[in-house]
Amino acid sequence: MSTIDTRIPLGIGGADEVLHGGLLPARSYMLRGEAGTGKTIFGFHYLTTGVAAGESCLFVAFEEPADDIRENAETLGFDLDEVEILDLSPDASKFLEEEQYSVFAPDEVENESVTDRIVEAVERVDPDRVFVDPLTQLQYLSADDYQFRQEVAGLMSYLENRGATVLFTTQPTPSRPDDDLQYLCDGALALERSEYGRSFSVLKFRGSDFQGGSHTLRIDGTGVSVYPKLVPGEYDSDFSVERVGSGVDELDSLLGGGIERGSVTVVSGPSGVGKTTTGTHFLTEAAARGETAAAFLFEETESSFRHRSDAIGLPTEELIADGDLTLEYIEPLSISSDEFAHKVKTAVEDEGASVVMIDGTAGYRLSLRGREDELVSELHALVRYLRNVGVTVILAEEVRSITGEFQPSSENISYLADNILFLRYLEVRGEIRKAVGVLKKRLGDFEPTLRELRITGDGMWIGDPLDDLRGVLTGTPEWRDDD
C-alpha cells in the first residue's frame, strides 16, 4: 500500500489544498455536517477519484438504497459503476410485509449480522478507499452508546489494518452528538451551512499540518468546489520595482512619473467623478505595452464598461480581442470573498495578469454577505498577495460625500494603499467641475498640487494646477481675486 508520505486526494482541488495534498493513507476520517451540507457528494468525489487512480473502492450505505445512490450520483456527472456499494439501508418492504415496528429485519437489528456483511464485502473487494454514509446510523442498531463506540473503534481498526483509507460521515443532533467519534479517528472535517453560505473546515488532522479557518464551499451541477481562504504569506516572487504610467502625461506628472510596479493605488471619489476611467487608463496603457491587464467590475456590466470606454476613445475592444485585457462582471451577492480571491488568483497565475483593477470596494463589501467588519482583513489579504507577486493593483473606492468635508476613503482602507489618488467635484461660481490630486505616495515623490479634471471624447484631460483657487478640498473653493 501507500507510504505515509503519499497523500490520498479527496478529488476536490480546494479541499485537498487545505489538507496540503489530501488525506494520509490507511487512516480514518470523519466528515460531519447537518443534512443537505454535501457530505454524500464529498463521498462521490472521493470514490471516483480513487477509481480514476486504479484503486478499489467500497461505499457502505446505511441511509439510501444502492440504486438511488447511483442515480443521484449520475445526475451530478459521477459514474459509480466501478464502485462496490454495500446496501445496508432500511428495507421498507419488510416493515409492510411483516408488520414490524422496526424497518430493519430481525437479523439486521443484530449488529453481528451488519458487521458480518461489512467484513464479507471488505474481504471480497479488498478496498483501498472506504466511504461510510452515515456512520451514525449504526448507532441506532447498537444497544447503547458504549457498544456503538466499541464497534466503531473496532471497525476503523479493522479497515486501517487492511490498508484502507476511510472517510465516514456523521450527522450530529442535540440528542446524539458525534464529539466522541473525533477521538476515534485521525481527522475531522466539517461542512456547514449558514445565512452567509456554505463552508468547509478542518477540525483535526493528526500527523499533518493543514490550512485553518473556514473556507467557502459551493455545490452546483458538477459537485462540490472549495475555495481556500487566501494566505498571502505563502506567495512571493522577484520583480523589478519600476514606474508604470497611465498614458496621460499630466496624471503621471502628478504621480511623480507614474506608479510603481507591485504597488497598490486607491482611486477615491464620489459616484460618476471618473474613478473607473482613471483606472482604465492604467489598464489600457499596460496592455499597449504588451502586458496582460484584468478588470473585475462590481459596479457595472462588461457591456456598459466597453460602451463607456469606447465613447471616450479608450481602445478596450481591440485590447480585449487581442487577449491583452480581460473583463469580468462580478455579481456581489452571488459570490463570496474566497471565490473572488480565487478568480483573481486565476487571472494572475493562469492568465498572466500584471495589472489588476477592482472596481469597486463597495461591491466587494457586499460579497462578504453581512460580514462588513471583515472588509479590511479580507481586502488586506488579497492586495498583499497581489503585491507579493508583483501585480500592480488599482482599487476604485467610492466616497459618499459629493462635496463638503474631504474624505480620502469611506471604508478605512487607505492604510492598504501605496498611492492615494483622489478625485472630487467642485462648485465654482455655480458650475460643477472636477479636480484630481495625490494625497499619498509611499514609494516616491509626487506633485503636491490640485489640477482640474475633465472626461472628454478623447479620454482624460488634466489641466494646469489650480493656483488661483483656495479651499478646493472643501468642495466650494473661492477665487483668490474674490478677496
# chains A, B, ... in the order shown; residues from 1 in each chain; ligands from 1
$ closest_atom_pairs --of "segment 216-272 of chain A" --to "segment 35-53 of chain A" --cutoff "9 Å" --atoms "only C-alpha atoms" --output "CSV"
residue,atom,partner,partner_atom,distance
A:Ile219,CA,A:Gly38,CA,7.4
A:Gly223,CA,A:Ile41,CA,6.3
A:Val224,CA,A:Ile41,CA,6.8
$ select_by_dssp --residues "segment 151-276 of chain A" --states "alpha helix (DSSP H)" --output "tab-separated table (two decimals) with C-alpha atoms, in the first residue's frame"
chain	number	residue	atom	x	y	z
A	151	GLU	CA	-17.96	-1.16	17.34
A	152	VAL	CA	-16.77	2.00	15.56
A	153	ALA	CA	-13.29	1.68	17.06
A	154	GLY	CA	-13.13	-1.97	16.05
A	155	LEU	CA	-14.39	-1.29	12.51
A	156	MET	CA	-11.92	1.55	11.94
A	157	SER	CA	-9.04	-0.52	13.29
A	158	TYR	CA	-10.01	-3.45	11.07
A	159	LEU	CA	-10.20	-1.33	7.92
A	160	GLU	CA	-6.97	0.55	8.64
A	161	ASN	CA	-5.10	-2.70	9.32
A	179	ASP	CA	-17.92	14.51	19.58
A	180	ASP	CA	-16.75	11.12	20.88
A	181	LEU	CA	-16.12	9.91	17.33
A	182	GLN	CA	-13.47	12.60	16.82
A	249	ASP	CA	1.30	62.77	-19.14
A	250	GLU	CA	-0.25	65.23	-16.70
A	251	LEU	CA	-1.57	62.43	-14.48
A	252	ASP	CA	1.80	60.71	-14.47
A	253	SER	CA	3.40	64.04	-13.59
A	254	LEU	CA	1.09	64.37	-10.57
A	275	LYS	CA	-12.59	56.69	-10.95
A	276	THR	CA	-13.17	53.81	-13.38
$ residues_around --residues "Leu86 of chain A" --least-positions-apart "5" --cutoff "9 Å" --atoms "only C-alpha atoms" --output "number ranges by chain"
A: 58-62, 66, 117-118, 121
$ residues_around --residues "segment 260-272 of chain A" --least-positions-apart "2" --cutoff "6 Å" --atoms "only C-alpha atoms" --output "list of chain:residue names"
A:Val241, A:Glu242, A:Arg243, A:Val244, A:Gly274, A:Lys275, A:Arg387, A:Gly390, A:Val391, A:Thr392, A:Val393, A:Ile394, A:Leu395, A:Ala396, A:Glu397, A:Glu398, A:Val399, A:Arg400, A:Ile402, A:Ala417, A:Asp418, A:Asn419, A:Ile420, A:Leu421, A:Phe422, A:Leu423, A:Arg424
$ write_last_selection --atoms "N, CA and C atoms" --output "short mmCIF file (atom, residue, chain, number, x, y, z; two decimals), in the first residue's frame"
data_model
loop_
_atom_site.label_atom_id
_atom_site.label_comp_id
_atom_site.auth_asym_id
_atom_site.auth_seq_id
_atom_site.Cartn_x
_atom_site.Cartn_y
_atom_site.Cartn_z
N VAL A 241 10.98 46.88 -9.41
CA VAL A 241 10.13 48.00 -8.97
C VAL A 241 10.38 49.18 -9.90
N GLU A 242 9.64 49.22 -10.99
CA GLU A 242 9.76 50.29 -11.97
C GLU A 242 8.46 51.06 -12.02
N ARG A 243 8.52 52.28 -12.53
CA ARG A 243 7.30 53.07 -12.63
C ARG A 243 6.53 52.68 -13.90
N VAL A 244 5.24 52.60 -13.76
CA VAL A 244 4.37 52.34 -14.91
C VAL A 244 3.40 53.50 -15.02
N GLY A 274 -15.16 59.83 -12.21
CA GLY A 274 -14.13 59.39 -13.16
C GLY A 274 -13.16 58.36 -12.63
N LYS A 275 -13.51 57.67 -11.55
CA LYS A 275 -12.59 56.69 -10.95
C LYS A 275 -12.30 55.54 -11.90
N ARG A 387 0.47 42.16 -4.25
CA ARG A 387 1.72 42.91 -4.10
C ARG A 387 2.91 41.96 -4.02
N GLY A 390 4.06 40.85 -7.37
CA GLY A 390 4.46 41.89 -8.30
C GLY A 390 3.36 42.45 -9.17
N VAL A 391 2.11 42.24 -8.79
CA VAL A 391 0.99 42.75 -9.58
C VAL A 391 0.67 44.17 -9.14
N THR A 392 0.45 45.05 -10.11
CA THR A 392 0.06 46.43 -9.84
C THR A 392 -1.45 46.48 -9.65
N VAL A 393 -1.90 47.03 -8.54
CA VAL A 393 -3.32 46.97 -8.17
C VAL A 393 -3.94 48.36 -8.19
N ILE A 394 -5.12 48.46 -8.80
CA ILE A 394 -5.92 49.68 -8.80
C ILE A 394 -7.23 49.36 -8.08
N LEU A 395 -7.52 50.08 -7.01
CA LEU A 395 -8.77 49.92 -6.28
C LEU A 395 -9.62 51.18 -6.45
N ALA A 396 -10.78 51.03 -7.04
CA ALA A 396 -11.70 52.16 -7.16
C ALA A 396 -12.57 52.20 -5.92
N GLU A 397 -12.48 53.29 -5.19
CA GLU A 397 -13.14 53.41 -3.89
C GLU A 397 -14.09 54.59 -3.91
N GLU A 398 -15.37 54.31 -3.71
CA GLU A 398 -16.37 55.38 -3.74
C GLU A 398 -16.56 55.98 -2.36
N VAL A 399 -16.44 57.31 -2.29
CA VAL A 399 -16.76 58.02 -1.05
C VAL A 399 -18.17 58.56 -1.19
N ARG A 400 -18.83 58.72 -0.05
CA ARG A 400 -20.26 59.04 -0.08
C ARG A 400 -20.54 60.53 -0.27
N ILE A 402 -20.47 64.16 -1.81
CA ILE A 402 -20.25 64.78 -3.12
C ILE A 402 -19.32 65.98 -2.97
N ALA A 417 -3.01 51.31 0.93
CA ALA A 417 -2.56 51.91 -0.32
C ALA A 417 -1.12 52.41 -0.24
N ASP A 418 -0.38 52.15 -1.31
CA ASP A 418 0.91 52.81 -1.50
C ASP A 418 0.69 54.20 -2.08
N ASN A 419 -0.38 54.33 -2.88
CA ASN A 419 -0.71 55.60 -3.51
C ASN A 419 -2.20 55.88 -3.32
N ILE A 420 -2.53 57.13 -3.02
CA ILE A 420 -3.94 57.53 -2.98
C ILE A 420 -4.12 58.68 -3.96
N LEU A 421 -4.91 58.42 -4.97
CA LEU A 421 -5.25 59.41 -5.98
C LEU A 421 -6.72 59.77 -5.77
N PHE A 422 -7.01 61.03 -5.45
CA PHE A 422 -8.40 61.38 -5.16
C PHE A 422 -8.96 62.30 -6.24
N LEU A 423 -10.23 62.06 -6.53
CA LEU A 423 -10.98 62.87 -7.48
C LEU A 423 -12.18 63.43 -6.73
N ARG A 424 -12.54 64.67 -7.02
CA ARG A 424 -13.71 65.22 -6.34
C ARG A 424 -14.39 66.30 -7.17
#
$ residues_around --residues "Gly323 of chain A" --least-positions-apart "2" --cutoff "10 Å" --atoms "only C-alpha atoms" --output "MDAnalysis selection string"
chainID A and resid 287 291:293 317:321 325:326 351
$ write_last_selection --atoms "C-alpha atoms" --output "compact mmCIF listing (two decimals), in the first residue's frame"
# COMPACT_ATOMS: atom_id res chain seq x y z
CA ALA A 287 -1.98 46.25 -22.33
CA GLU A 291 1.30 43.16 -20.62
CA THR A 292 -1.94 41.45 -19.60
CA ALA A 293 -4.42 43.54 -17.63
CA GLU A 317 -12.38 46.44 -27.65
CA GLU A 318 -9.15 45.95 -29.58
CA LEU A 319 -7.19 45.00 -26.47
CA ILE A 320 -9.88 42.53 -25.38
CA ALA A 321 -9.91 40.94 -28.83
CA LEU A 325 -7.25 42.93 -21.47
CA THR A 326 -9.85 40.79 -19.70
CA GLU A 351 -3.59 34.22 -17.50
$ residues_around --residues "Gly290 of chain A" --least-positions-apart "5" --cutoff "12 Å" --atoms "only C-alpha atoms" --output "PDB file with C-alpha atoms, in the first residue's frame"
ATOM      1  CA  LEU A 283      -5.099  49.096 -17.772  1.00  0.00           C
ATOM      2  CA  THR A 284      -5.044  50.085 -21.431  1.00  0.00           C
ATOM      3  CA  GLU A 285      -1.562  51.541 -21.154  1.00  0.00           C
ATOM      4  CA  LEU A 319      -7.191  45.000 -26.470  1.00  0.00           C
ATOM      5  CA  ASP A 322      -6.127  40.521 -28.678  1.00  0.00           C
ATOM      6  CA  GLY A 323      -6.354  38.931 -25.226  1.00  0.00           C
ATOM      7  CA  ASP A 324      -4.327  41.684 -23.558  1.00  0.00           C
ATOM      8  CA  LEU A 325      -7.255  42.928 -21.472  1.00  0.00           C
ATOM      9  CA  GLY A 352      -0.522  36.255 -16.548  1.00  0.00           C
ATOM     10  CA  ALA A 353      -2.277  39.460 -15.478  1.00  0.00           C
ATOM     11  CA  SER A 354       0.266  42.003 -14.213  1.00  0.00           C
ATOM     12  CA  VAL A 355      -2.178  44.891 -13.628  1.00  0.00           C
TER      13      VAL A 355
END
$ atom_distance --atom1 "atom CA of Val344 of chain A" --atom2 "atom CA of Lys229 of chain A"
12.7 Å
$ atom_distance --atom1 "atom CA of Thr115 of chain A" --atom2 "atom CA of Arg27 of chain A"
19.3 Å
$ closest_atom_pairs --of "segment 284-364 of chain A" --to "segment 9-22 of chain A" --cutoff "12 Å" --atoms "only C-alpha atoms" --output "tab-separated table"
residue	atom	partner	partner_atom	distance
A:Asp338	CA	A:Gly14	CA	10.8
A:Glu339	CA	A:Gly14	CA	10.7
A:His342	CA	A:Gly14	CA	9.8
$ write_last_selection --atoms "C-alpha atoms" --output "PDB file, in the first residue's frame"
ATOM      1  CA  ASP A 338     -12.956  33.466  -1.109  1.00  0.00           C
ATOM      2  CA  GLU A 339     -14.413  32.750  -4.544  1.00  0.00           C
ATOM      3  CA  HIS A 342      -9.788  32.535  -6.453  1.00  0.00           C
TER       4      HIS A 342
END
$ atom_distance --atom1 "atom CA of Val383 of chain A" --atom2 "atom CA of Thr361 of chain A"
12.0 Å
$ closest_residue --among "A:Arg149, A:Tyr385, A:Ser142, A:Arg32" --to "Leu203 of chain A" --atoms "only C-alpha atoms"
A:Arg32
$ residues_around --residues "Ile330 of chain A" --least-positions-apart "5" --cutoff "9 Å" --atoms "only C-alpha atoms" --output "VMD selection string"
chain A and resid 296 to 301 335 340 363 to 364
